[in-house]
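One file, start.cif, is given below (mmCIF, C-alpha atoms).
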```
data_my_file
#
loop_
_atom_site.group_PDB
_atom_site.id
_atom_site.type_symbol
_atom_site.label_atom_id
_atom_site.label_comp_id
_atom_site.auth_asym_id
_atom_site.auth_seq_id
_atom_site.Cartn_x
_atom_site.Cartn_y
_atom_site.Cartn_z
ATOM 1 C CA MET A 1 -41.433 -61.792 -19.881
ATOM 2 C CA ALA A 2 -38.354 -63.204 -21.576
ATOM 3 C CA GLY A 3 -40.528 -65.676 -23.440
ATOM 4 C CA VAL A 4 -42.589 -62.895 -24.953
ATOM 5 C CA GLU A 5 -39.465 -61.110 -26.110
ATOM 6 C CA LYS A 6 -38.174 -64.186 -27.892
ATOM 7 C CA PHE A 7 -41.467 -64.656 -29.700
ATOM 8 C CA VAL A 8 -41.493 -61.064 -30.810
ATOM 9 C CA GLU A 9 -37.901 -61.354 -31.987
ATOM 10 C CA ALA A 10 -38.447 -64.414 -34.174
ATOM 11 C CA ASP A 11 -41.190 -62.534 -35.956
ATOM 12 C CA ASN A 12 -39.169 -59.401 -36.173
ATOM 13 C CA ALA A 13 -36.041 -61.130 -37.455
ATOM 14 C CA GLU A 14 -37.625 -61.815 -40.836
ATOM 15 C CA ALA A 15 -39.024 -58.308 -40.993
ATOM 16 C CA ILE A 16 -35.674 -56.840 -40.060
ATOM 17 C CA ILE A 17 -33.805 -58.854 -42.643
ATOM 18 C CA THR A 18 -36.193 -57.719 -45.358
ATOM 19 C CA ARG A 19 -35.725 -54.146 -44.203
ATOM 20 C CA ILE A 20 -31.964 -54.570 -44.353
ATOM 21 C CA GLU A 21 -32.112 -55.913 -47.904
ATOM 22 C CA HIS A 22 -34.252 -52.944 -48.820
ATOM 23 C CA LYS A 23 -31.691 -50.644 -47.263
ATOM 24 C CA SER A 24 -28.818 -52.297 -49.119
ATOM 25 C CA ARG A 25 -30.505 -51.690 -52.443
ATOM 26 C CA LYS A 26 -30.963 -48.042 -51.560
ATOM 27 C CA ILE A 27 -27.328 -47.834 -50.517
ATOM 28 C CA GLU A 28 -26.116 -49.387 -53.767
ATOM 29 C CA SER A 29 -27.996 -46.758 -55.709
ATOM 30 C CA LEU A 30 -26.620 -43.949 -53.516
ATOM 31 C CA LEU A 31 -23.084 -45.243 -54.028
ATOM 32 C CA LYS A 32 -23.577 -45.303 -57.774
ATOM 33 C CA GLN A 33 -24.548 -41.639 -57.552
ATOM 34 C CA ASN A 34 -21.253 -41.011 -55.725
ATOM 35 C CA LYS A 35 -22.821 -40.070 -52.396
ATOM 36 C CA PRO A 36 -20.928 -42.243 -49.898
ATOM 37 C CA VAL A 37 -21.850 -40.088 -46.887
ATOM 38 C CA GLU A 38 -25.591 -40.450 -47.459
ATOM 39 C CA ALA A 39 -25.047 -44.156 -47.981
ATOM 40 C CA LEU A 40 -23.318 -44.416 -44.626
ATOM 41 C CA LYS A 41 -26.071 -42.431 -42.932
ATOM 42 C CA THR A 42 -28.734 -44.729 -44.332
ATOM 43 C CA ALA A 43 -26.742 -47.757 -43.276
ATOM 44 C CA LEU A 44 -26.333 -46.512 -39.710
ATOM 45 C CA GLU A 45 -29.893 -45.273 -39.341
ATOM 46 C CA GLY A 46 -31.915 -48.395 -39.299
ATOM 47 C CA SER A 47 -29.465 -50.320 -37.106
ATOM 48 C CA PRO A 48 -31.629 -52.819 -35.280
ATOM 49 C CA PRO A 49 -31.504 -52.001 -31.582
ATOM 50 C CA MET A 50 -32.076 -54.751 -29.056
ATOM 51 C CA THR A 51 -31.877 -57.599 -31.563
ATOM 52 C CA ARG A 52 -30.051 -60.591 -30.264
ATOM 53 C CA ASP A 53 -30.332 -62.388 -33.565
ATOM 54 C CA GLU A 54 -26.890 -62.903 -35.074
ATOM 55 C CA ARG A 55 -28.196 -62.981 -38.623
ATOM 56 C CA CYS A 56 -29.698 -59.502 -38.397
ATOM 57 C CA LYS A 57 -26.489 -58.138 -36.955
ATOM 58 C CA SER A 58 -24.340 -59.805 -39.642
ATOM 59 C CA ALA A 59 -26.661 -58.629 -42.385
ATOM 60 C CA ASN A 60 -26.549 -55.082 -41.097
ATOM 61 C CA TRP A 61 -22.782 -55.262 -40.712
ATOM 62 C CA ILE A 62 -22.347 -56.295 -44.346
ATOM 63 C CA VAL A 63 -24.372 -53.291 -45.436
ATOM 64 C CA VAL A 64 -22.447 -50.871 -43.218
ATOM 65 C CA HIS A 65 -19.164 -52.400 -44.363
ATOM 66 C CA ARG A 66 -20.032 -51.741 -47.978
ATOM 67 C CA ALA A 67 -20.766 -48.094 -47.212
ATOM 68 C CA LEU A 68 -17.635 -47.680 -45.067
ATOM 69 C CA MET A 69 -15.273 -49.049 -47.713
ATOM 70 C CA ALA A 70 -16.653 -46.630 -50.286
ATOM 71 C CA ILE A 71 -15.689 -43.576 -48.249
ATOM 72 C CA LYS A 72 -12.546 -41.866 -49.485
ATOM 73 C CA ASP A 73 -12.730 -38.441 -47.868
ATOM 74 C CA VAL A 74 -12.897 -38.980 -44.111
ATOM 75 C CA ASP A 75 -12.866 -35.332 -43.031
ATOM 76 C CA GLY A 76 -15.616 -34.406 -45.431
ATOM 77 C CA MET A 77 -17.684 -37.271 -44.106
ATOM 78 C CA PHE A 78 -17.497 -35.999 -40.541
ATOM 79 C CA SER A 79 -18.525 -32.498 -41.460
ATOM 80 C CA SER A 80 -21.829 -33.821 -42.779
ATOM 81 C CA LEU A 81 -22.469 -36.657 -40.314
ATOM 82 C CA ASP A 82 -24.659 -35.869 -37.289
ATOM 83 C CA PRO A 83 -23.189 -36.451 -33.823
ATOM 84 C CA GLU A 84 -25.959 -38.872 -32.928
ATOM 85 C CA TYR A 85 -24.429 -41.392 -35.323
ATOM 86 C CA TYR A 86 -20.956 -41.243 -33.752
ATOM 87 C CA ASP A 87 -21.629 -43.875 -31.094
ATOM 88 C CA ILE A 88 -23.037 -46.428 -33.449
ATOM 89 C CA LEU A 89 -20.308 -45.745 -35.997
ATOM 90 C CA MET A 90 -17.696 -46.415 -33.299
ATOM 91 C CA LYS A 91 -19.300 -49.777 -32.526
ATOM 92 C CA TYR A 92 -19.192 -50.733 -36.177
ATOM 93 C CA LEU A 93 -15.566 -49.594 -36.439
ATOM 94 C CA TYR A 94 -14.581 -51.972 -33.660
ATOM 95 C CA ARG A 95 -16.452 -54.737 -35.399
ATOM 96 C CA GLY A 96 -14.521 -53.930 -38.553
ATOM 97 C CA LEU A 97 -11.219 -53.923 -36.705
ATOM 98 C CA SER A 98 -11.891 -57.368 -35.326
ATOM 99 C CA THR A 99 -12.266 -58.889 -38.779
ATOM 100 C CA GLY A 100 -8.534 -58.791 -39.486
ATOM 101 C CA ASP A 101 -8.984 -58.166 -43.182
ATOM 102 C CA ARG A 102 -6.289 -55.738 -44.294
ATOM 103 C CA PRO A 103 -8.209 -53.142 -46.370
ATOM 104 C CA THR A 104 -11.090 -53.107 -43.875
ATOM 105 C CA CYS A 105 -8.684 -52.591 -40.989
ATOM 106 C CA ASP A 106 -6.827 -49.827 -42.809
ATOM 107 C CA GLN A 107 -10.035 -47.967 -43.483
ATOM 108 C CA CYS A 108 -11.383 -48.514 -39.978
ATOM 109 C CA LEU A 109 -8.148 -47.349 -38.360
ATOM 110 C CA ARG A 110 -8.185 -44.190 -40.437
ATOM 111 C CA ILE A 111 -11.782 -43.380 -39.531
ATOM 112 C CA HIS A 112 -11.224 -44.341 -35.883
ATOM 113 C CA GLU A 113 -8.486 -41.765 -35.424
ATOM 114 C CA LYS A 114 -10.597 -38.959 -36.853
ATOM 115 C CA LEU A 115 -13.693 -40.048 -34.976
ATOM 116 C CA THR A 116 -11.839 -40.057 -31.652
ATOM 117 C CA GLU A 117 -10.614 -36.542 -32.343
ATOM 118 C CA ARG A 118 -14.189 -35.468 -33.004
ATOM 119 C CA ALA A 119 -16.176 -37.414 -30.473
ATOM 120 C CA GLY A 120 -13.605 -37.879 -27.710
ATOM 121 C CA LEU A 121 -12.926 -40.784 -25.410
ATOM 122 C CA GLY A 122 -16.521 -40.912 -24.210
ATOM 123 C CA CYS A 123 -17.541 -42.385 -27.512
ATOM 124 C CA ILE A 124 -15.046 -45.236 -27.126
ATOM 125 C CA LEU A 125 -16.141 -45.785 -23.552
ATOM 126 C CA ARG A 126 -19.810 -45.989 -24.549
ATOM 127 C CA SER A 127 -19.023 -48.604 -27.182
ATOM 128 C CA LEU A 128 -17.047 -50.610 -24.596
ATOM 129 C CA ALA A 129 -19.633 -50.332 -21.851
ATOM 130 C CA ASP A 130 -22.788 -50.949 -23.841
ATOM 131 C CA THR A 131 -23.320 -54.671 -23.452
ATOM 132 C CA VAL A 132 -27.036 -54.468 -24.262
ATOM 133 C CA ASN A 133 -27.017 -52.932 -27.724
ATOM 134 C CA THR A 134 -24.102 -54.710 -29.293
ATOM 135 C CA VAL A 135 -23.478 -54.548 -32.995
ATOM 136 C CA MET B 1 3.478 -49.144 -44.039
ATOM 137 C CA ALA B 2 4.738 -46.834 -41.333
ATOM 138 C CA ASN B 3 1.482 -44.957 -41.581
ATOM 139 C CA THR B 4 -0.648 -47.953 -40.643
ATOM 140 C CA LEU B 5 1.649 -48.611 -37.712
ATOM 141 C CA ARG B 6 1.072 -45.080 -36.481
ATOM 142 C CA LEU B 7 -2.694 -45.393 -36.914
ATOM 143 C CA TYR B 8 -2.722 -48.792 -35.225
ATOM 144 C CA LEU B 9 -0.804 -47.461 -32.223
ATOM 145 C CA THR B 10 -2.995 -44.350 -32.022
ATOM 146 C CA CYS B 11 -6.094 -46.512 -32.029
ATOM 147 C CA ILE B 12 -4.710 -48.716 -29.272
ATOM 148 C CA ARG B 13 -3.628 -45.697 -27.254
ATOM 149 C CA ASN B 14 -7.076 -44.112 -27.459
ATOM 150 C CA THR B 15 -8.832 -47.325 -26.557
ATOM 151 C CA LEU B 16 -6.512 -47.851 -23.585
ATOM 152 C CA GLU B 17 -7.060 -44.303 -22.360
ATOM 153 C CA ALA B 18 -10.787 -44.891 -22.413
ATOM 154 C CA ALA B 19 -10.559 -48.345 -20.850
ATOM 155 C CA MET B 20 -8.326 -47.227 -17.979
ATOM 156 C CA CYS B 21 -10.818 -44.639 -16.791
ATOM 157 C CA LEU B 22 -12.809 -47.318 -15.085
ATOM 158 C CA GLN B 23 -10.310 -48.827 -12.705
ATOM 159 C CA GLN B 24 -11.593 -48.791 -9.156
ATOM 160 C CA ASN B 25 -11.210 -50.965 -6.134
ATOM 161 C CA PHE B 26 -13.992 -53.540 -6.232
ATOM 162 C CA PRO B 27 -13.903 -56.333 -3.640
ATOM 163 C CA CYS B 28 -14.991 -59.796 -4.730
ATOM 164 C CA GLN B 29 -18.758 -60.277 -4.623
ATOM 165 C CA GLU B 30 -18.701 -63.992 -3.906
ATOM 166 C CA VAL B 31 -16.045 -64.348 -1.239
ATOM 167 C CA GLU B 32 -15.744 -61.799 1.524
ATOM 168 C CA ARG B 33 -12.460 -60.027 2.120
ATOM 169 C CA HIS B 34 -11.147 -61.145 -1.274
ATOM 170 C CA ASN B 35 -10.161 -58.768 -4.036
ATOM 171 C CA LYS B 36 -9.652 -60.440 -7.389
ATOM 172 C CA PRO B 37 -9.081 -59.045 -10.891
ATOM 173 C CA GLU B 38 -12.466 -59.624 -12.479
ATOM 174 C CA VAL B 39 -11.166 -59.770 -16.028
ATOM 175 C CA GLU B 40 -9.269 -62.965 -15.211
ATOM 176 C CA LEU B 41 -11.965 -64.768 -13.288
ATOM 177 C CA LYS B 42 -15.055 -63.561 -15.153
ATOM 178 C CA THR B 43 -17.318 -64.436 -12.228
ATOM 179 C CA SER B 44 -20.165 -62.027 -13.005
ATOM 180 C CA PRO B 45 -21.141 -60.738 -16.448
ATOM 181 C CA GLU B 46 -22.261 -57.332 -15.144
ATOM 182 C CA LEU B 47 -18.701 -56.486 -14.150
ATOM 183 C CA LEU B 48 -17.246 -57.122 -17.595
ATOM 184 C CA LEU B 49 -17.247 -54.827 -20.588
ATOM 185 C CA ASN B 50 -17.134 -55.703 -24.268
ATOM 186 C CA PRO B 51 -13.758 -57.084 -25.303
ATOM 187 C CA VAL B 52 -12.261 -55.221 -28.216
ATOM 188 C CA LEU B 53 -10.073 -56.761 -30.916
ATOM 189 C CA ILE B 54 -7.949 -54.386 -32.966
ATOM 190 C CA CYS B 55 -6.262 -55.978 -35.963
ATOM 191 C CA ARG B 56 -3.681 -54.242 -38.052
ATOM 192 C CA ASN B 57 -3.611 -57.033 -40.620
ATOM 193 C CA GLU B 58 -3.982 -60.801 -40.643
ATOM 194 C CA ALA B 59 -0.852 -61.353 -38.545
ATOM 195 C CA GLU B 60 -0.882 -58.595 -35.938
ATOM 196 C CA LYS B 61 -3.661 -58.000 -33.468
ATOM 197 C CA CYS B 62 -4.364 -56.703 -29.998
ATOM 198 C CA LEU B 63 -7.140 -57.879 -27.682
ATOM 199 C CA ILE B 64 -8.235 -55.491 -24.947
ATOM 200 C CA GLU B 65 -10.563 -56.880 -22.283
ATOM 201 C CA THR B 66 -11.844 -54.555 -19.566
ATOM 202 C CA SER B 67 -13.664 -55.095 -16.329
ATOM 203 C CA ILE B 68 -14.543 -53.048 -13.293
ATOM 204 C CA ASN B 69 -11.199 -53.371 -11.568
ATOM 205 C CA SER B 70 -8.767 -54.708 -14.150
ATOM 206 C CA LEU B 71 -7.703 -54.588 -17.757
ATOM 207 C CA ARG B 72 -6.037 -57.278 -19.840
ATOM 208 C CA ILE B 73 -4.124 -56.528 -23.037
ATOM 209 C CA SER B 74 -2.971 -59.411 -25.235
ATOM 210 C CA LEU B 75 -0.708 -58.873 -28.212
ATOM 211 C CA LYS B 76 0.111 -60.985 -31.208
ATOM 212 C CA VAL B 77 3.368 -59.900 -32.828
ATOM 213 C CA LYS B 78 4.072 -60.120 -36.554
ATOM 214 C CA GLN B 79 6.051 -63.256 -37.408
ATOM 215 C CA ALA B 80 7.097 -63.461 -41.026
ATOM 216 C CA ASP B 81 8.928 -66.790 -41.096
ATOM 217 C CA GLU B 82 9.954 -69.756 -38.957
ATOM 218 C CA LEU B 83 13.056 -68.049 -37.580
ATOM 219 C CA GLU B 84 11.073 -65.027 -36.390
ATOM 220 C CA ASN B 85 8.540 -67.418 -34.907
ATOM 221 C CA ILE B 86 11.172 -69.095 -32.746
ATOM 222 C CA LEU B 87 12.887 -65.825 -31.845
ATOM 223 C CA THR B 88 9.610 -64.208 -30.793
ATOM 224 C CA LYS B 89 8.590 -67.158 -28.696
ATOM 225 C CA LYS B 90 11.925 -67.366 -26.903
ATOM 226 C CA PHE B 91 12.287 -63.642 -26.385
ATOM 227 C CA LEU B 92 8.772 -63.145 -25.052
ATOM 228 C CA ARG B 93 9.070 -66.210 -22.848
ATOM 229 C CA PHE B 94 12.246 -64.682 -21.410
ATOM 230 C CA LEU B 95 10.310 -61.517 -20.587
ATOM 231 C CA SER B 96 7.281 -63.319 -19.191
ATOM 232 C CA MET B 97 9.416 -65.401 -16.819
ATOM 233 C CA ARG B 98 10.638 -62.138 -15.319
ATOM 234 C CA ALA B 99 7.124 -60.749 -15.001
ATOM 235 C CA GLU B 100 7.705 -59.742 -11.365
ATOM 236 C CA ALA B 101 10.104 -57.037 -12.465
ATOM 237 C CA PHE B 102 7.602 -55.583 -14.928
ATOM 238 C CA GLN B 103 4.653 -55.693 -12.513
ATOM 239 C CA VAL B 104 2.046 -55.304 -15.237
ATOM 240 C CA LEU B 105 3.134 -58.308 -17.283
ATOM 241 C CA ARG B 106 1.238 -61.585 -17.143
ATOM 242 C CA ARG B 107 3.256 -64.757 -16.669
ATOM 243 C CA LYS B 108 1.487 -66.657 -19.400
ATOM 244 C CA PRO B 109 0.064 -65.141 -22.551
ATOM 245 C CA VAL B 110 -3.605 -65.656 -23.281
ATOM 246 C CA GLN B 111 -4.347 -68.565 -25.625
ATOM 247 C CA GLY B 112 -3.704 -67.517 -29.215
ATOM 248 C CA TYR B 113 -1.503 -64.527 -28.391
ATOM 249 C CA ASP B 114 2.187 -63.944 -27.787
ATOM 250 C CA ILE B 115 2.220 -61.796 -24.666
ATOM 251 C CA SER B 116 -0.302 -60.419 -22.181
ATOM 252 C CA PHE B 117 -0.457 -57.537 -19.734
ATOM 253 C CA LEU B 118 -2.695 -57.400 -16.692
ATOM 254 C CA ILE B 119 -3.295 -53.936 -15.243
ATOM 255 C CA THR B 120 -5.256 -53.782 -12.001
ATOM 256 C CA ASN B 121 -6.669 -50.857 -10.042
ATOM 257 C CA TYR B 122 -3.697 -51.051 -7.676
ATOM 258 C CA HIS B 123 -1.334 -50.389 -10.573
ATOM 259 C CA CYS B 124 -3.406 -47.402 -11.619
ATOM 260 C CA GLU B 125 -3.289 -46.032 -8.083
ATOM 261 C CA GLU B 126 0.462 -46.394 -7.762
ATOM 262 C CA MET B 127 1.471 -45.465 -11.267
ATOM 263 C CA GLN B 128 0.364 -42.732 -13.607
ATOM 264 C CA LYS B 129 -2.193 -43.776 -16.216
ATOM 265 C CA GLN B 130 -0.456 -41.900 -19.031
ATOM 266 C CA LYS B 131 2.882 -43.475 -18.235
ATOM 267 C CA LEU B 132 1.341 -46.954 -18.245
ATOM 268 C CA ILE B 133 -0.171 -46.360 -21.655
ATOM 269 C CA ASP B 134 3.114 -44.916 -22.940
ATOM 270 C CA PHE B 135 4.886 -48.009 -21.658
ATOM 271 C CA ILE B 136 2.598 -50.384 -23.498
ATOM 272 C CA VAL B 137 2.723 -48.490 -26.786
ATOM 273 C CA GLN B 138 6.506 -48.128 -26.519
ATOM 274 C CA PHE B 139 6.734 -51.850 -25.817
ATOM 275 C CA MET B 140 4.851 -52.623 -29.014
ATOM 276 C CA GLU B 141 7.141 -50.407 -31.075
ATOM 277 C CA ASP B 142 10.303 -51.780 -29.529
ATOM 278 C CA ILE B 143 9.340 -55.439 -29.851
ATOM 279 C CA ASP B 144 9.377 -55.213 -33.636
ATOM 280 C CA LYS B 145 12.799 -53.560 -33.627
ATOM 281 C CA GLU B 146 14.219 -56.066 -31.162
ATOM 282 C CA ILE B 147 13.029 -59.070 -33.128
ATOM 283 C CA SER B 148 14.505 -57.768 -36.399
ATOM 284 C CA GLU B 149 17.763 -57.007 -34.601
ATOM 285 C CA LEU B 150 17.877 -60.506 -33.172
ATOM 286 C CA LYS B 151 17.128 -62.006 -36.573
ATOM 287 C CA MET B 152 19.896 -59.987 -38.202
ATOM 288 C CA SER B 153 22.435 -60.999 -35.565
ATOM 289 C CA VAL B 154 21.491 -64.677 -35.939
ATOM 290 C CA ASN B 155 21.928 -64.463 -39.701
ATOM 291 C CA THR B 156 25.250 -62.615 -39.408
ATOM 292 C CA ARG B 157 26.610 -65.104 -36.921
ATOM 293 C CA GLY B 158 25.453 -68.014 -39.066
ATOM 294 C CA ARG B 159 27.206 -66.521 -42.089
ATOM 295 C CA LEU B 160 30.465 -65.897 -40.179
ATOM 296 C CA VAL B 161 30.534 -69.380 -38.717
ATOM 297 C CA ALA B 162 29.803 -70.982 -42.083
ATOM 298 C CA THR B 163 32.526 -68.923 -43.806
ATOM 299 C CA GLU B 164 35.109 -69.848 -41.199
ATOM 300 C CA PHE B 165 34.166 -73.494 -41.225
ATOM 301 C CA LEU B 166 34.142 -73.861 -44.982
ATOM 302 C CA LYS B 167 37.495 -72.067 -45.362
ATOM 303 C CA GLN B 168 39.271 -75.213 -44.270
ATOM 304 C CA PHE B 169 37.956 -77.010 -47.345
ATOM 305 C CA ILE B 170 39.303 -74.500 -49.851
#
```

As structure tokens:
Amino acid sequence: MAGVEKFVEADNAEAIITRIEHKSRKIESLLKQNKPVEALKTALEGSPPMTRDERCKSANWIVVHRALMAIKDVDGMFSSLDPEYYDILMKYLYRGLSTGDRPTCDQCLRIHEKLTERAGLGCILRSLADTVNTV
Amino acid sequence: MANTLRLYLTCIRNTLEAAMCLQQNFPCQEVERHNKPEVELKTSPELLLNPVLICRNEAEKCLIETSINSLRISLKVKQADELENILTKKFLRFLSMRAEAFQVLRRKPVQGYDISFLITNYHCEEMQKQKLIDFIVQFMEDIDKEISELKMSVNTRGRLVATEFLKQFI
């Protein structure tokens, strides 16, 4: 059973990485059109669930990072972001906070405060407790 | 500058509030009649949650590790120069040696950090969760003030001693 999963993953890894590159091009174009919220939504959407491949996760993180740093208006972002994306955004925020890079951390801390106000402590707890779908 | 400190502390406070919800008495699975803090021993992966690292900048960070019956918080304090380095080490060592009095303090900091707290389910039963969190956040605020105070007093004393000593050569 585990063997089958690994085989499927190796195949999928390449497919996922191509999909992520595709996504990053779309996001670049959205950012040029000054639509950071849509860019973030696109970045969070295709997040590979259940991939244990570090490369896919890093690639996706780079894309999400790009979209996160472009956001200036945090409140406006939350008014247009659907609640289903809150959990995955929280996971990415913690990943950003662990990098230690000053501008990233500043931005992530700002968004974290607002997101906790919106989504509550349950969101944080889900990102802590979910050991299966890590980002 | 002060704003990032506020955001950093808010983030840590929220994460701690969420992490402390889970404390419950969970006897050891391997050895009967034993009750050990799982975050320290890490015997079974299903009892541990994702560790979370919150960095304010390159120098300051806070690692929060949770498990089913315990929670470990490790802090790295900002150290701008050699003097602050020594002062921080000595001061925090002083506190850690007296860990019994603090109850939630760990005697040795985790590798790579300056000071660590270990909060078990027993602490959460005896003490109020909000007060524990307030204590930790207050501790973080006060540490910075204490270290700058210590540094200033060392510099002042050094200056006074040097002035007095060199007066004899005038």

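Under the PyMOL selection byres ((chain A and resi 123-132) around 9), the matching residues in the shown file are Pro49, Met50, Tyr86, Asp87, Ile88, Met90, Lys91, Tyr94, Leu115, Thr116, Ala119, Gly120, Leu121, Gly122, Asn133 and Thr134 of chain A; Asn14, Thr15, Ala18, Ala19, Cys21, Glu46, Leu48, Leu49, Asn50, Pro51, Val52 and Thr66 of chain B.
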
Can you write just those residues out, C-alpha atoms, as a PDB file, keeping the file's coordinate frame?
```pdb
ATOM      1  CA  PRO A  49     -31.504 -52.001 -31.582  1.00  0.00           C
ATOM      2  CA  MET A  50     -32.076 -54.751 -29.056  1.00  0.00           C
ATOM      3  CA  TYR A  86     -20.956 -41.243 -33.752  1.00  0.00           C
ATOM      4  CA  ASP A  87     -21.629 -43.875 -31.094  1.00  0.00           C
ATOM      5  CA  ILE A  88     -23.037 -46.428 -33.449  1.00  0.00           C
ATOM      6  CA  MET A  90     -17.696 -46.415 -33.299  1.00  0.00           C
ATOM      7  CA  LYS A  91     -19.300 -49.777 -32.526  1.00  0.00           C
ATOM      8  CA  TYR A  94     -14.581 -51.972 -33.660  1.00  0.00           C
ATOM      9  CA  LEU A 115     -13.693 -40.048 -34.976  1.00  0.00           C
ATOM     10  CA  THR A 116     -11.839 -40.057 -31.652  1.00  0.00           C
ATOM     11  CA  ALA A 119     -16.176 -37.414 -30.473  1.00  0.00           C
ATOM     12  CA  GLY A 120     -13.605 -37.879 -27.710  1.00  0.00           C
ATOM     13  CA  LEU A 121     -12.926 -40.784 -25.410  1.00  0.00           C
ATOM     14  CA  GLY A 122     -16.521 -40.912 -24.210  1.00  0.00           C
ATOM     15  CA  ASN A 133     -27.017 -52.932 -27.724  1.00  0.00           C
ATOM     16  CA  THR A 134     -24.102 -54.710 -29.293  1.00  0.00           C
TER      17      THR A 134
ATOM     18  CA  ASN B  14      -7.076 -44.112 -27.459  1.00  0.00           C
ATOM     19  CA  THR B  15      -8.832 -47.325 -26.557  1.00  0.00           C
ATOM     20  CA  ALA B  18     -10.787 -44.891 -22.413  1.00  0.00           C
ATOM     21  CA  ALA B  19     -10.559 -48.345 -20.850  1.00  0.00           C
ATOM     22  CA  CYS B  21     -10.818 -44.639 -16.791  1.00  0.00           C
ATOM     23  CA  GLU B  46     -22.261 -57.332 -15.144  1.00  0.00           C
ATOM     24  CA  LEU B  48     -17.246 -57.122 -17.595  1.00  0.00           C
ATOM     25  CA  LEU B  49     -17.247 -54.827 -20.588  1.00  0.00           C
ATOM     26  CA  ASN B  50     -17.134 -55.703 -24.268  1.00  0.00           C
ATOM     27  CA  PRO B  51     -13.758 -57.084 -25.303  1.00  0.00           C
ATOM     28  CA  VAL B  52     -12.261 -55.221 -28.216  1.00  0.00           C
ATOM     29  CA  THR B  66     -11.844 -54.555 -19.566  1.00  0.00           C
TER      30      THR B  66
END
```

Exercise. For this file, the PyMOL selection byres ((chain B) within 12 of (chain A)) selects which residues, as an MDAnalysis selection string?
Worked result: chainID B and resid 1 3:22 45:68

Extending 6 Å beyond the listed atoms of stretch 104-123 of chain B on each side, what axis-aligned box results? I want centre and edge lengths in Å to one decimal, as lines of an AutoDock Vina configuration file.
```
center_x = -1.7
center_y = -59.5
center_z = -18.4
size_x = 21.9
size_y = 30.2
size_z = 33.5
```

Problem set entry | For atom CA of B:Ala2 and atom CA of A:Val74, the interatomic separation in Å (one decimal) | 19.5 Å

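Picked by the PyMOL selection byres ((chain B and resi 117-124) around 7) from the coordinates shown: Gln23, Gln24, Asn25, Pro37, Asn69, Ser70, Leu71, Arg72, Ile73, Ser74, Val104, Leu105, Arg106, Ser116, Glu125, Glu126, Met127, Gln128 and Lys129 of chain B.
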
Problem set entry | stretch 35-37 of chain A surroundings by only C-alpha atoms, 10 Å radius, close-in-sequence under 5 positions cut, as a VMD selection string | chain A and resid 27 to 30 42 to 43 66 to 74 76 to 81

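Here atom CA of B:Ile147 and atom CA of B:Asp81 stand 11.8 Å from one another.
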
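One distance worth recording is that between atom CA of A:Val135 and atom CA of A:Thr18, which is 18.0 Å.
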